[in-house]
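Trainee: I'm passing along input-v1.cif; it holds mmCIF, C-alpha atoms (C1' of nucleotides).
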data_input
#
loop_
_atom_site.label_atom_id
_atom_site.label_comp_id
_atom_site.auth_asym_id
_atom_site.auth_seq_id
_atom_site.Cartn_x
_atom_site.Cartn_y
_atom_site.Cartn_z
CA MET A 1 -14.54 0.96 10.85
CA PRO A 2 -11.84 3.52 10.06
CA TRP A 3 -10.42 1.94 6.87
CA ASN A 4 -7.01 3.55 7.02
CA PHE A 5 -4.59 2.71 4.28
CA ASN A 6 -0.95 3.42 3.64
CA SER A 7 0.60 3.63 0.23
CA ASN A 8 3.38 1.05 0.33
CA THR A 9 1.14 -2.01 0.27
CA PRO A 10 -1.63 -2.78 -2.21
CA ILE A 11 -4.97 -1.66 -0.86
CA TYR A 12 -6.67 -5.01 -1.38
CA ILE A 13 -3.99 -6.65 0.80
CA GLN A 14 -4.63 -4.12 3.55
CA ILE A 15 -8.37 -4.72 3.29
CA ILE A 16 -7.79 -8.44 3.71
CA GLU A 17 -5.68 -7.85 6.79
CA GLN A 18 -8.17 -5.46 8.36
CA ILE A 19 -11.13 -7.75 7.82
CA LYS A 20 -9.16 -10.72 9.12
CA LEU A 21 -8.42 -8.69 12.22
CA SER A 22 -12.07 -7.72 12.65
CA ILE A 23 -13.09 -11.36 12.43
CA ALA A 24 -10.34 -12.49 14.78
CA VAL A 25 -11.27 -10.05 17.53
CA GLY A 26 -15.02 -10.54 17.13
CA GLU A 27 -15.95 -7.20 15.60
CA TYR A 28 -17.52 -9.39 12.98
CA LYS A 29 -19.19 -12.35 14.66
CA ALA A 30 -19.65 -15.86 13.30
CA GLY A 31 -22.54 -15.92 10.83
CA ASP A 32 -22.78 -12.13 10.55
CA LYS A 33 -23.97 -10.74 7.25
CA LEU A 34 -21.54 -8.35 5.63
CA LEU A 35 -22.53 -5.17 3.89
CA SER A 36 -22.70 -5.53 0.12
CA VAL A 37 -19.58 -5.20 -1.96
CA ARG A 38 -20.77 -1.81 -3.16
CA GLU A 39 -21.53 -0.57 0.34
CA LEU A 40 -18.23 -1.77 1.75
CA ALA A 41 -16.41 -0.20 -1.18
CA ALA A 42 -18.16 3.10 -0.59
CA GLU A 43 -17.42 2.95 3.14
CA ALA A 44 -13.73 2.30 2.47
CA GLU A 45 -13.71 4.86 -0.34
CA VAL A 46 -12.39 2.25 -2.67
CA ASN A 47 -13.42 0.85 -6.01
CA PRO A 48 -15.93 -2.03 -5.83
CA ASN A 49 -13.52 -4.16 -7.88
CA THR A 50 -10.84 -3.71 -5.26
CA MET A 51 -13.19 -4.69 -2.44
CA GLN A 52 -14.41 -7.65 -4.47
CA LYS A 53 -10.85 -8.86 -4.95
CA ALA A 54 -10.18 -8.74 -1.22
CA LEU A 55 -13.42 -10.51 -0.34
CA SER A 56 -12.82 -13.27 -2.88
CA GLU A 57 -9.47 -14.00 -1.30
CA LEU A 58 -10.97 -14.11 2.19
CA GLU A 59 -13.49 -16.54 0.80
CA ARG A 60 -10.74 -18.80 -0.51
CA ASP A 61 -9.40 -18.83 3.05
CA GLY A 62 -12.81 -20.03 4.22
CA LEU A 63 -13.38 -17.03 6.47
CA LEU A 64 -16.34 -15.87 4.40
CA TYR A 65 -18.91 -17.60 2.28
CA THR A 66 -21.26 -16.29 -0.36
CA GLN A 67 -24.94 -16.90 -0.94
CA ARG A 68 -25.26 -16.06 -4.57
CA THR A 69 -27.77 -13.23 -4.55
CA SER A 70 -28.40 -12.67 -0.88
CA GLY A 71 -24.99 -11.56 0.33
CA ARG A 72 -21.78 -12.58 2.03
CA PHE A 73 -21.44 -13.96 5.54
CA ILE A 74 -18.75 -14.62 8.11
CA THR A 75 -18.00 -18.31 8.56
CA SER A 76 -19.99 -20.01 11.33
CA ASP A 77 -16.97 -22.10 12.26
CA THR A 78 -16.05 -20.50 15.59
CA GLY A 79 -13.08 -22.86 15.91
CA LYS A 80 -11.67 -21.42 12.73
CA ILE A 81 -12.09 -17.92 14.13
CA SER A 82 -10.31 -18.53 17.41
CA ALA A 83 -7.59 -20.39 15.49
CA LEU A 84 -7.23 -17.32 13.32
CA ARG A 85 -6.74 -15.06 16.31
CA LYS A 86 -4.06 -17.34 17.74
CA GLN A 87 -2.37 -17.61 14.39
CA LEU A 88 -2.25 -13.84 13.91
CA ALA A 89 -0.86 -13.40 17.41
CA ASN A 90 1.78 -16.05 16.81
CA GLU A 91 2.81 -14.37 13.59
CA GLN A 92 3.32 -11.13 15.51
CA VAL A 93 5.39 -12.86 18.16
CA GLU A 94 7.55 -14.69 15.63
CA ASN A 95 8.00 -11.57 13.56
CA PHE A 96 8.92 -9.48 16.58
CA ILE A 97 11.54 -11.94 17.80
CA LEU A 98 12.98 -12.27 14.32
CA LYS A 99 13.26 -8.53 13.74
CA MET A 100 14.77 -7.92 17.16
CA GLN A 101 17.31 -10.66 16.56
CA MET A 102 18.22 -9.10 13.24
CA LEU A 103 18.80 -5.87 15.18
CA GLY A 104 21.10 -7.73 17.53
CA TYR A 105 18.83 -8.02 20.54
CA SER A 106 18.48 -11.31 22.42
CA SER A 107 15.05 -12.57 23.42
CA GLU A 108 15.81 -11.46 26.97
CA GLU A 109 16.75 -7.95 25.91
CA ALA A 110 13.65 -7.78 23.73
CA ALA A 111 11.48 -8.85 26.66
CA GLU A 112 13.17 -6.22 28.81
CA MET A 113 12.36 -3.49 26.30
CA LEU A 114 8.74 -4.64 26.32
CA LYS A 115 8.48 -4.17 30.07
CA ASN A 116 9.77 -0.61 29.91
CA HIS A 117 7.56 -0.27 26.90
CA MET B 1 24.20 -10.12 1.44
CA PRO B 2 21.19 -12.22 0.44
CA TRP B 3 18.95 -9.48 -1.03
CA ASN B 4 15.66 -11.26 -0.59
CA PHE B 5 12.55 -9.49 -1.74
CA ASN B 6 8.86 -10.16 -1.45
CA SER B 7 6.29 -8.94 -3.89
CA ASN B 8 3.86 -6.92 -1.76
CA THR B 9 6.18 -3.98 -1.14
CA PRO B 10 8.07 -1.91 -3.70
CA ILE B 11 11.59 -3.24 -4.14
CA TYR B 12 13.25 0.13 -3.57
CA ILE B 13 11.52 0.33 -0.17
CA GLN B 14 12.80 -3.10 0.76
CA ILE B 15 16.31 -2.14 -0.32
CA ILE B 16 16.15 0.93 1.91
CA GLU B 17 15.07 -1.17 4.86
CA GLN B 18 17.74 -3.79 4.31
CA ILE B 19 20.53 -1.25 4.00
CA LYS B 20 19.29 0.62 7.06
CA LEU B 21 19.41 -2.66 8.95
CA SER B 22 22.94 -3.39 7.73
CA ILE B 23 24.07 0.01 8.90
CA ALA B 24 22.29 -0.28 12.23
CA VAL B 25 23.88 -3.61 13.13
CA GLY B 26 27.32 -2.67 11.85
CA GLU B 27 27.50 -4.86 8.76
CA TYR B 28 28.33 -1.59 7.10
CA LYS B 29 30.63 0.42 9.35
CA ALA B 30 30.87 4.19 9.68
CA GLY B 31 32.83 5.61 6.76
CA ASP B 32 32.72 2.41 4.70
CA LYS B 33 32.72 2.78 0.97
CA LEU B 34 29.74 1.20 -0.74
CA LEU B 35 29.94 -0.76 -3.94
CA SER B 36 28.96 1.31 -6.97
CA VAL B 37 25.32 1.67 -7.90
CA ARG B 38 25.86 -0.67 -10.81
CA GLU B 39 27.57 -3.31 -8.69
CA LEU B 40 24.95 -3.15 -5.97
CA ALA B 41 22.23 -3.38 -8.58
CA ALA B 42 23.86 -6.43 -10.14
CA GLU B 43 24.31 -8.04 -6.73
CA ALA B 44 20.65 -7.50 -5.86
CA GLU B 45 19.59 -8.48 -9.39
CA VAL B 46 17.78 -5.20 -9.72
CA ASN B 47 17.81 -2.35 -12.18
CA PRO B 48 20.44 0.35 -11.47
CA ASN B 49 17.66 2.95 -11.46
CA THR B 50 15.90 1.10 -8.67
CA MET B 51 19.07 0.89 -6.58
CA GLN B 52 19.79 4.53 -7.28
CA LYS B 53 16.35 5.51 -6.05
CA ALA B 54 16.88 3.66 -2.78
CA LEU B 55 20.34 5.11 -2.23
CA SER B 56 19.15 8.66 -2.89
CA GLU B 57 16.53 8.28 -0.23
CA LEU B 58 19.04 6.94 2.28
CA GLU B 59 21.16 9.95 1.47
CA ARG B 60 18.30 12.30 2.27
CA ASP B 61 18.14 10.59 5.66
CA GLY B 62 21.81 11.41 6.12
CA LEU B 63 22.85 7.79 6.45
CA LEU B 64 24.95 7.95 3.29
CA TYR B 65 26.84 10.69 1.53
CA THR B 66 28.17 10.93 -2.00
CA GLN B 67 31.51 12.06 -3.31
CA ARG B 68 30.62 12.98 -6.82
CA THR B 69 32.80 10.68 -8.86
CA SER B 70 34.49 8.56 -6.28
CA GLY B 71 31.57 6.75 -4.74
CA ARG B 72 29.14 6.60 -1.87
CA PHE B 73 30.02 6.19 1.79
CA ILE B 74 28.33 5.38 5.06
CA THR B 75 28.01 8.36 7.37
CA SER B 76 30.85 8.77 9.84
CA ASP B 77 28.45 9.96 12.50
CA THR B 78 28.51 6.93 14.83
CA GLY B 79 25.98 8.59 17.08
CA LYS B 80 23.53 8.66 14.22
CA ILE B 81 24.12 4.96 13.63
CA SER B 82 23.52 3.86 17.20
CA ALA B 83 20.49 6.14 17.32
CA LEU B 84 19.24 4.38 14.19
CA ARG B 85 19.56 0.98 15.81
CA LYS B 86 17.63 2.13 18.86
CA GLN B 87 15.00 3.77 16.72
CA LEU B 88 14.45 0.64 14.63
CA ALA B 89 14.20 -1.47 17.78
CA ASN B 90 11.72 0.95 19.31
CA GLU B 91 9.61 0.84 16.18
CA GLN B 92 9.49 -2.94 16.47
CA VAL B 93 8.48 -2.79 20.11
CA GLU B 94 5.81 -0.18 19.51
CA ASN B 95 4.48 -2.05 16.52
CA PHE B 96 4.40 -5.34 18.39
CA ILE B 97 2.51 -3.91 21.34
CA LEU B 98 0.07 -2.14 19.04
CA LYS B 99 -0.65 -5.21 16.95
CA MET B 100 -1.08 -7.42 20.00
CA GLN B 101 -3.45 -4.90 21.53
CA MET B 102 -5.47 -4.86 18.34
CA LEU B 103 -5.67 -8.63 18.69
CA GLY B 104 -6.96 -8.23 22.21
CA TYR B 105 -3.85 -9.16 24.15
CA SER B 106 -2.67 -7.09 27.08
CA SER B 107 0.99 -6.16 27.41
CA GLU B 108 1.30 -8.82 30.09
CA GLU B 109 -0.19 -11.52 27.91
CA ALA B 110 2.04 -10.45 25.05
CA ALA B 111 5.09 -10.66 27.29
CA GLU B 112 3.96 -14.09 28.41
CA MET B 113 3.73 -15.33 24.84
CA LEU B 114 7.25 -14.06 24.24
CA LYS B 115 8.62 -16.14 27.09
CA ASN B 116 7.07 -19.34 25.75
CA HIS B 117 8.31 -18.17 22.38
"C1'" DA C 1 46.73 13.10 -21.57
"C1'" DT C 2 43.83 9.04 -21.67
"C1'" DC C 3 40.63 6.01 -20.02
"C1'" DA C 4 37.76 3.62 -16.98
"C1'" DT C 5 34.66 4.39 -13.20
"C1'" DT C 6 31.85 7.35 -10.46
"C1'" DG C 7 26.98 9.30 -9.82
"C1'" DT C 8 23.27 11.12 -12.37
"C1'" DA C 9 19.75 12.04 -16.02
"C1'" DT C 10 16.66 10.84 -19.77
"C1'" DT C 11 13.50 8.29 -22.70
"C1'" DA C 12 10.89 4.27 -23.79
"C1'" DT C 13 8.48 0.06 -22.54
"C1'" DG C 14 6.15 -3.41 -19.71
"C1'" DT C 15 3.40 -4.77 -15.72
"C1'" DG C 16 0.22 -4.83 -11.85
"C1'" DA C 17 -2.83 -2.18 -8.91
"C1'" DA C 18 -6.64 0.77 -8.85
"C1'" DT C 19 -10.32 3.29 -10.85
"C1'" DA C 20 -14.46 4.10 -13.84
"C1'" DG C 21 -18.22 2.52 -16.13
"C1'" DT C 22 -21.16 -0.89 -17.62
"C1'" DA C 23 -23.53 -5.30 -17.96
"C1'" DC C 24 -25.96 -9.56 -16.53
"C1'" DA C 25 -27.95 -13.75 -14.09
"C1'" DA C 26 -30.11 -15.00 -9.78
"C1'" DG C 27 -33.16 -14.46 -6.00
"C1'" DC C 28 -36.02 -11.93 -2.60
"C1'" DG C 29 -39.92 -8.79 -1.40
"C1'" DG C 30 -43.59 -6.19 -2.77
"C1'" DC D 1 -45.00 -10.77 -12.09
"C1'" DC D 2 -41.84 -6.79 -11.35
"C1'" DG D 3 -38.22 -4.42 -9.70
"C1'" DC D 4 -34.48 -3.94 -6.61
"C1'" DT D 5 -30.35 -5.84 -4.71
"C1'" DT D 6 -27.06 -9.47 -4.70
"C1'" DG D 7 -22.42 -11.17 -6.58
"C1'" DT D 8 -19.80 -11.36 -10.67
"C1'" DA D 9 -17.61 -10.23 -15.17
"C1'" DC D 10 -15.67 -7.34 -18.61
"C1'" DT D 11 -13.33 -3.41 -20.97
"C1'" DA D 12 -10.78 0.80 -20.86
"C1'" DT D 13 -7.81 4.04 -18.64
"C1'" DT D 14 -4.52 5.92 -15.32
"C1'" DC D 15 -0.57 5.56 -12.35
"C1'" DA D 16 3.55 3.95 -9.89
"C1'" DC D 17 7.11 0.58 -10.00
"C1'" DA D 18 10.51 -1.64 -12.53
"C1'" DT D 19 13.23 -2.50 -16.42
"C1'" DA D 20 16.15 -1.44 -20.58
"C1'" DA D 21 19.22 1.25 -22.99
"C1'" DT D 22 21.82 5.22 -23.33
"C1'" DA D 23 24.24 9.43 -22.37
"C1'" DC D 24 27.29 12.65 -19.92
"C1'" DA D 25 30.23 15.43 -16.58
"C1'" DA D 26 33.66 14.74 -13.06
"C1'" DT D 27 37.62 12.55 -11.25
"C1'" DG D 28 41.14 9.20 -10.00
"C1'" DA D 29 44.40 5.98 -11.87
"C1'" DT D 30 47.47 4.67 -15.35
#
Could you quickly redo this structure as structure tokens?

Mentor:
Amino acid sequence: MPWNFNSNTPIYIQIIEQIKLSIAVGEYKAGDKLLSVRELAAEAEVNPNTMQKALSELERDGLLYTQRTSGRFITSDTGKISALRKQLANEQVENFILKMQMLGYSSEEAAEMLKNH
Amino acid sequence: MPWNFNSNTPIYIQIIEQIKLSIAVGEYKAGDKLLSVRELAAEAEVNPNTMQKALSELERDGLLYTQRTSGRFITSDTGKISALRKQLANEQVENFILKMQMLGYSSEEAAEMLKNH
DNA sequence: ATCATTGTATTATGTGAATAGTACAAGCGG
DNA sequence: CCGCTTGTACTATTCACATAATACAATGAT
């Protein structure tokens, strides 16, 4: 994974979003074991505490679960995963329409711009 | 103006974006005089320094200009303003397509989801 | 001429994010 | 049993953002 960050959003938020995306599109599969906090932190060139914070939050969402001393795993609930993908897509659609409306474009005009991408 | 902020992005960045939007859609018109830094800060319930920082940046973009002791004004370059609107719209389109692709949706599927909004 | 308002600058303080370093209990493999 | 790896917790420090409180030169209005 590339682990690219920008500076205007807290890193742990960006980590959450990137992992969510990886789960949603199946880069991480249901039941997969994650690398350890320390390994992931090293890979992302980030402090272990920061990675830990992101993972904890993903766990509260039920996308991960922890087995105390053996590691962290992706949820086995495939329904939850496909729901996540649809939810993320819907958020993008809603957000796009909203922003285009704020810019004074109708849904039809927005769709037209999409075609001519 | 509402001046709504969220907590995951620096306030001065959000101010910049909101003012850009207001200029792009003509809420602020070319040549308009802005309220003073202090007034804008009070309106947005933000520290004058924070508002100042945002306005300075907009000035570097050439969207505002300052007359030393009389106030700040929107650029009179209407071409720049309409270019801004198109640029912001394009950014939304590009971003939308990119995000949907990352989620595994083709441009056609994305367009389809738009229709069924 | 005086005064209020303009943008701008400076210093101090508080807060959250991120880093660095360390520590510990729990379990798995040898 | 021993040692390594797991997640987790804690303290200390740095940094950017934001606030607070002033200060000042320039100018337009009175």

Trainee: Using only C-alpha atoms (C1' of nucleotides), what table do you get, as a tab-separated table, when you list each residue of chain D with an atom no more than 9 Å from region 42-63 of chain B, its nearest pair of atoms, and their distance in Å rounded to one decimal, rows by chain then rising number?

Mentor:
residue	atom	partner	partner_atom	distance
D:DC17	C1'	B:Thr50	CA	8.9
D:DA18	C1'	B:Thr50	CA	7.2
D:DT19	C1'	B:Asn47	CA	6.2
D:DA20	C1'	B:Asn47	CA	8.6

Trainee: Between B:Ile13, B:Val93, B:Val25, B:Leu34, which has the minimum distance to chain D (counting only C-alpha atoms (C1' of nucleotides))?

Mentor: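 With only C-alpha atoms (C1' of nucleotides) as the atom set, the closest residue is B:Ile13.
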
Trainee: Could you write out chain B as a PDB file with C-alpha atoms, in the coordinates of the input once it has been least-squares superposed on chain A using every ordered C-alpha pair?

Mentor:
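Output saved as result16.pdb:
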ATOM      1  CA  MET B   1     -14.659   1.061  10.831  1.00  0.00           C
ATOM      2  CA  PRO B   2     -11.943   3.593  10.008  1.00  0.00           C
ATOM      3  CA  TRP B   3     -10.505   1.991   6.837  1.00  0.00           C
ATOM      4  CA  ASN B   4      -7.104   3.603   6.983  1.00  0.00           C
ATOM      5  CA  PHE B   5      -4.662   2.778   4.248  1.00  0.00           C
ATOM      6  CA  ASN B   6      -1.022   3.501   3.639  1.00  0.00           C
ATOM      7  CA  SER B   7       0.555   3.714   0.246  1.00  0.00           C
ATOM      8  CA  ASN B   8       3.348   1.123   0.346  1.00  0.00           C
ATOM      9  CA  THR B   9       1.097  -1.933   0.255  1.00  0.00           C
ATOM     10  CA  PRO B  10      -1.659  -2.736  -2.229  1.00  0.00           C
ATOM     11  CA  ILE B  11      -5.018  -1.605  -0.891  1.00  0.00           C
ATOM     12  CA  TYR B  12      -6.695  -4.973  -1.426  1.00  0.00           C
ATOM     13  CA  ILE B  13      -4.020  -6.577   0.779  1.00  0.00           C
ATOM     14  CA  GLN B  14      -4.658  -4.049   3.512  1.00  0.00           C
ATOM     15  CA  ILE B  15      -8.397  -4.657   3.273  1.00  0.00           C
ATOM     16  CA  ILE B  16      -7.811  -8.386   3.691  1.00  0.00           C
ATOM     17  CA  GLU B  17      -5.700  -7.792   6.767  1.00  0.00           C
ATOM     18  CA  GLN B  18      -8.180  -5.406   8.333  1.00  0.00           C
ATOM     19  CA  ILE B  19     -11.131  -7.716   7.794  1.00  0.00           C
ATOM     20  CA  LYS B  20      -9.165 -10.682   9.111  1.00  0.00           C
ATOM     21  CA  LEU B  21      -8.419  -8.642  12.214  1.00  0.00           C
ATOM     22  CA  SER B  22     -12.080  -7.688  12.631  1.00  0.00           C
ATOM     23  CA  ILE B  23     -13.071 -11.318  12.418  1.00  0.00           C
ATOM     24  CA  ALA B  24     -10.330 -12.453  14.772  1.00  0.00           C
ATOM     25  CA  VAL B  25     -11.279 -10.022  17.531  1.00  0.00           C
ATOM     26  CA  GLY B  26     -15.012 -10.516  17.113  1.00  0.00           C
ATOM     27  CA  GLU B  27     -15.957  -7.177  15.584  1.00  0.00           C
ATOM     28  CA  TYR B  28     -17.530  -9.380  12.975  1.00  0.00           C
ATOM     29  CA  LYS B  29     -19.180 -12.352  14.660  1.00  0.00           C
ATOM     30  CA  ALA B  30     -19.620 -15.865  13.299  1.00  0.00           C
ATOM     31  CA  GLY B  31     -22.499 -15.932  10.832  1.00  0.00           C
ATOM     32  CA  ASP B  32     -22.765 -12.146  10.531  1.00  0.00           C
ATOM     33  CA  LYS B  33     -23.952 -10.774   7.250  1.00  0.00           C
ATOM     34  CA  LEU B  34     -21.527  -8.381   5.608  1.00  0.00           C
ATOM     35  CA  LEU B  35     -22.544  -5.197   3.890  1.00  0.00           C
ATOM     36  CA  SER B  36     -22.726  -5.583   0.116  1.00  0.00           C
ATOM     37  CA  VAL B  37     -19.597  -5.220  -1.962  1.00  0.00           C
ATOM     38  CA  ARG B  38     -20.814  -1.856  -3.159  1.00  0.00           C
ATOM     39  CA  GLU B  39     -21.557  -0.601   0.343  1.00  0.00           C
ATOM     40  CA  LEU B  40     -18.246  -1.798   1.720  1.00  0.00           C
ATOM     41  CA  ALA B  41     -16.459  -0.211  -1.204  1.00  0.00           C
ATOM     42  CA  ALA B  42     -18.232   3.091  -0.612  1.00  0.00           C
ATOM     43  CA  GLU B  43     -17.467   2.932   3.105  1.00  0.00           C
ATOM     44  CA  ALA B  44     -13.776   2.316   2.441  1.00  0.00           C
ATOM     45  CA  GLU B  45     -13.784   4.870  -0.392  1.00  0.00           C
ATOM     46  CA  VAL B  46     -12.445   2.239  -2.722  1.00  0.00           C
ATOM     47  CA  ASN B  47     -13.474   0.830  -6.058  1.00  0.00           C
ATOM     48  CA  PRO B  48     -15.970  -2.076  -5.868  1.00  0.00           C
ATOM     49  CA  ASN B  49     -13.551  -4.190  -7.909  1.00  0.00           C
ATOM     50  CA  THR B  50     -10.865  -3.696  -5.292  1.00  0.00           C
ATOM     51  CA  MET B  51     -13.203  -4.687  -2.462  1.00  0.00           C
ATOM     52  CA  GLN B  52     -14.406  -7.648  -4.472  1.00  0.00           C
ATOM     53  CA  LYS B  53     -10.848  -8.835  -4.967  1.00  0.00           C
ATOM     54  CA  ALA B  54     -10.183  -8.722  -1.233  1.00  0.00           C
ATOM     55  CA  LEU B  55     -13.411 -10.504  -0.350  1.00  0.00           C
ATOM     56  CA  SER B  56     -12.785 -13.269  -2.884  1.00  0.00           C
ATOM     57  CA  GLU B  57      -9.448 -13.958  -1.311  1.00  0.00           C
ATOM     58  CA  LEU B  58     -10.936 -14.092   2.176  1.00  0.00           C
ATOM     59  CA  GLU B  59     -13.446 -16.543   0.798  1.00  0.00           C
ATOM     60  CA  ARG B  60     -10.685 -18.790  -0.496  1.00  0.00           C
ATOM     61  CA  ASP B  61      -9.341 -18.807   3.059  1.00  0.00           C
ATOM     62  CA  GLY B  62     -12.743 -20.005   4.219  1.00  0.00           C
ATOM     63  CA  LEU B  63     -13.324 -17.017   6.462  1.00  0.00           C
ATOM     64  CA  LEU B  64     -16.305 -15.867   4.410  1.00  0.00           C
ATOM     65  CA  TYR B  65     -18.869 -17.630   2.289  1.00  0.00           C
ATOM     66  CA  THR B  66     -21.242 -16.328  -0.349  1.00  0.00           C
ATOM     67  CA  GLN B  67     -24.905 -16.970  -0.911  1.00  0.00           C
ATOM     68  CA  ARG B  68     -25.226 -16.123  -4.535  1.00  0.00           C
ATOM     69  CA  THR B  69     -27.731 -13.307  -4.512  1.00  0.00           C
ATOM     70  CA  SER B  70     -28.356 -12.722  -0.868  1.00  0.00           C
ATOM     71  CA  GLY B  71     -24.962 -11.611   0.325  1.00  0.00           C
ATOM     72  CA  ARG B  72     -21.759 -12.614   2.027  1.00  0.00           C
ATOM     73  CA  PHE B  73     -21.425 -13.982   5.543  1.00  0.00           C
ATOM     74  CA  ILE B  74     -18.744 -14.634   8.110  1.00  0.00           C
ATOM     75  CA  THR B  75     -17.974 -18.308   8.585  1.00  0.00           C
ATOM     76  CA  SER B  76     -19.933 -19.999  11.348  1.00  0.00           C
ATOM     77  CA  ASP B  77     -16.936 -22.098  12.277  1.00  0.00           C
ATOM     78  CA  THR B  78     -16.018 -20.476  15.615  1.00  0.00           C
ATOM     79  CA  GLY B  79     -13.063 -22.795  15.948  1.00  0.00           C
ATOM     80  CA  LYS B  80     -11.634 -21.380  12.763  1.00  0.00           C
ATOM     81  CA  ILE B  81     -12.067 -17.870  14.134  1.00  0.00           C
ATOM     82  CA  SER B  82     -10.301 -18.479  17.425  1.00  0.00           C
ATOM     83  CA  ALA B  83      -7.585 -20.342  15.542  1.00  0.00           C
ATOM     84  CA  LEU B  84      -7.223 -17.265  13.338  1.00  0.00           C
ATOM     85  CA  ARG B  85      -6.741 -15.010  16.333  1.00  0.00           C
ATOM     86  CA  LYS B  86      -4.064 -17.284  17.752  1.00  0.00           C
ATOM     87  CA  GLN B  87      -2.373 -17.577  14.400  1.00  0.00           C
ATOM     88  CA  LEU B  88      -2.238 -13.808  13.904  1.00  0.00           C
ATOM     89  CA  ALA B  89      -0.849 -13.354  17.412  1.00  0.00           C
ATOM     90  CA  ASN B  90       1.771 -16.023  16.815  1.00  0.00           C
ATOM     91  CA  GLU B  91       2.810 -14.349  13.593  1.00  0.00           C
ATOM     92  CA  GLN B  92       3.329 -11.119  15.513  1.00  0.00           C
ATOM     93  CA  VAL B  93       5.400 -12.840  18.166  1.00  0.00           C
ATOM     94  CA  GLU B  94       7.525 -14.693  15.646  1.00  0.00           C
ATOM     95  CA  ASN B  95       8.015 -11.576  13.583  1.00  0.00           C
ATOM     96  CA  PHE B  96       8.945  -9.504  16.612  1.00  0.00           C
ATOM     97  CA  ILE B  97      11.529 -11.984  17.833  1.00  0.00           C
ATOM     98  CA  LEU B  98      12.980 -12.332  14.347  1.00  0.00           C
ATOM     99  CA  LYS B  99      13.271  -8.605  13.771  1.00  0.00           C
ATOM    100  CA  MET B 100      14.807  -8.004  17.185  1.00  0.00           C
ATOM    101  CA  GLN B 101      17.316 -10.770  16.576  1.00  0.00           C
ATOM    102  CA  MET B 102      18.238  -9.207  13.265  1.00  0.00           C
ATOM    103  CA  LEU B 103      18.850  -6.008  15.205  1.00  0.00           C
ATOM    104  CA  GLY B 104      21.129  -7.876  17.557  1.00  0.00           C
ATOM    105  CA  TYR B 105      18.862  -8.156  20.571  1.00  0.00           C
ATOM    106  CA  SER B 106      18.479 -11.412  22.445  1.00  0.00           C
ATOM    107  CA  SER B 107      15.037 -12.647  23.443  1.00  0.00           C
ATOM    108  CA  GLU B 108      15.795 -11.531  26.984  1.00  0.00           C
ATOM    109  CA  GLU B 109      16.756  -8.036  25.924  1.00  0.00           C
ATOM    110  CA  ALA B 110      13.669  -7.840  23.749  1.00  0.00           C
ATOM    111  CA  ALA B 111      11.492  -8.891  26.668  1.00  0.00           C
ATOM    112  CA  GLU B 112      13.195  -6.278  28.805  1.00  0.00           C
ATOM    113  CA  MET B 113      12.411  -3.534  26.317  1.00  0.00           C
ATOM    114  CA  LEU B 114       8.785  -4.637  26.341  1.00  0.00           C
ATOM    115  CA  LYS B 115       8.543  -4.188  30.092  1.00  0.00           C
ATOM    116  CA  ASN B 116       9.864  -0.628  29.941  1.00  0.00           C
ATOM    117  CA  HIS B 117       7.548  -0.218  26.986  1.00  0.00           C
TER     118      HIS B 117
END

Trainee: Just how far from CA of Gln67 (chain A) is C1' of DG29 (chain C), in Å to one decimal?

Mentor: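 Result for C1' of DG29 (chain C) versus CA of Gln67 (chain A): 17.0 Å, one decimal.
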
Trainee: Do you know which residues the PyMOL selection byres ((chain B) within 9 of (chain A)) returns on this file, as number ranges by chain?

Mentor: B: 8-10, 13, 21-22, 24-25, 85-86, 88-90, 92-97, 99-100, 102-105, 107-108, 110-111, 113-115, 117

Trainee: Return as a PyMOL selection string the residues belonging to chain D that are within 8 Å of chain A, counting only C-alpha atoms (C1' of nucleotides).

Mentor: chain D and resi 5-7

Trainee: Mind giving me the straight-line distance from CA of Ser82 (chain B) to CA of Leu98 (chain A) in Å, one decimal?

Mentor: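 Rounded to one decimal, the two atoms are 19.5 Å apart.
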
Trainee: I need the output of the PyMOL selection byres ((chain C) within 8 of (chain A)) for this file as a PyMOL selection string; which residues are they?

Mentor: chain C and resi 17-19+26-28

Trainee: Report as an MDAnalysis selection string the full result of the PyMOL selection byres ((chain C and resi 21) around 10) when it is applied to this structure.

Mentor: (chainID C and resid 19:20 22:23) or (chainID D and resid 11:12)

Trainee: List as a PDB file with C-alpha atoms (C1' of nucleotides), in the frame of the given file the residues having at least one atom at most 8 Å from position (20.1, 4.6, -22.3) as given in the file, counting all atoms listed in the file.

Mentor:
ATOM      1  C1'  DT C  10      16.660  10.840 -19.770  1.00  0.00           C
ATOM      2  C1'  DT C  11      13.500   8.290 -22.700  1.00  0.00           C
TER       3       DT C  11
ATOM      4  C1'  DA D  20      16.150  -1.440 -20.580  1.00  0.00           C
ATOM      5  C1'  DA D  21      19.220   1.250 -22.990  1.00  0.00           C
ATOM      6  C1'  DT D  22      21.820   5.220 -23.330  1.00  0.00           C
ATOM      7  C1'  DA D  23      24.240   9.430 -22.370  1.00  0.00           C
TER       8       DA D  23
END

Trainee: Kindly provide, as AutoDock Vina command-line options, the centre and edge lengths (Å, one decimal) of an axis-aligned box around all atoms of region 14-26 of chain D given in the file, with 8 Å on each side.

Mentor:
--center_x 14.6 --center_y 6.5 --center_z -16.6 --size_x 54.2 --size_y 33.9 --size_z 29.4

Trainee: Using CA of Gln18 (chain A) and C1' of DC15 (chain D) as the two end points, give the distance in Å to one decimal.

Mentor: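 Between CA of Gln18 (chain A) and C1' of DC15 (chain D) the gap is 24.7 Å.
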
Trainee: Would you list the contacts of Gly31 (chain B) as an mmCIF file with C-alpha atoms, keeping the file's coordinate frame, taking every protein, DNA or RNA residue within 7 Å and counting all atoms listed in the file, but skipping same-chain residues closer than 3 positions in sequence?

Mentor:
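Everything below was put into out21.cif:
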data_model
loop_
_atom_site.group_PDB
_atom_site.id
_atom_site.type_symbol
_atom_site.label_atom_id
_atom_site.label_comp_id
_atom_site.auth_asym_id
_atom_site.auth_seq_id
_atom_site.Cartn_x
_atom_site.Cartn_y
_atom_site.Cartn_z
ATOM 1 C CA PHE B 73 30.020 6.190 1.790
ATOM 2 C CA ILE B 74 28.330 5.380 5.060
ATOM 3 C CA THR B 75 28.010 8.360 7.370
ATOM 4 C CA SER B 76 30.850 8.770 9.840
#
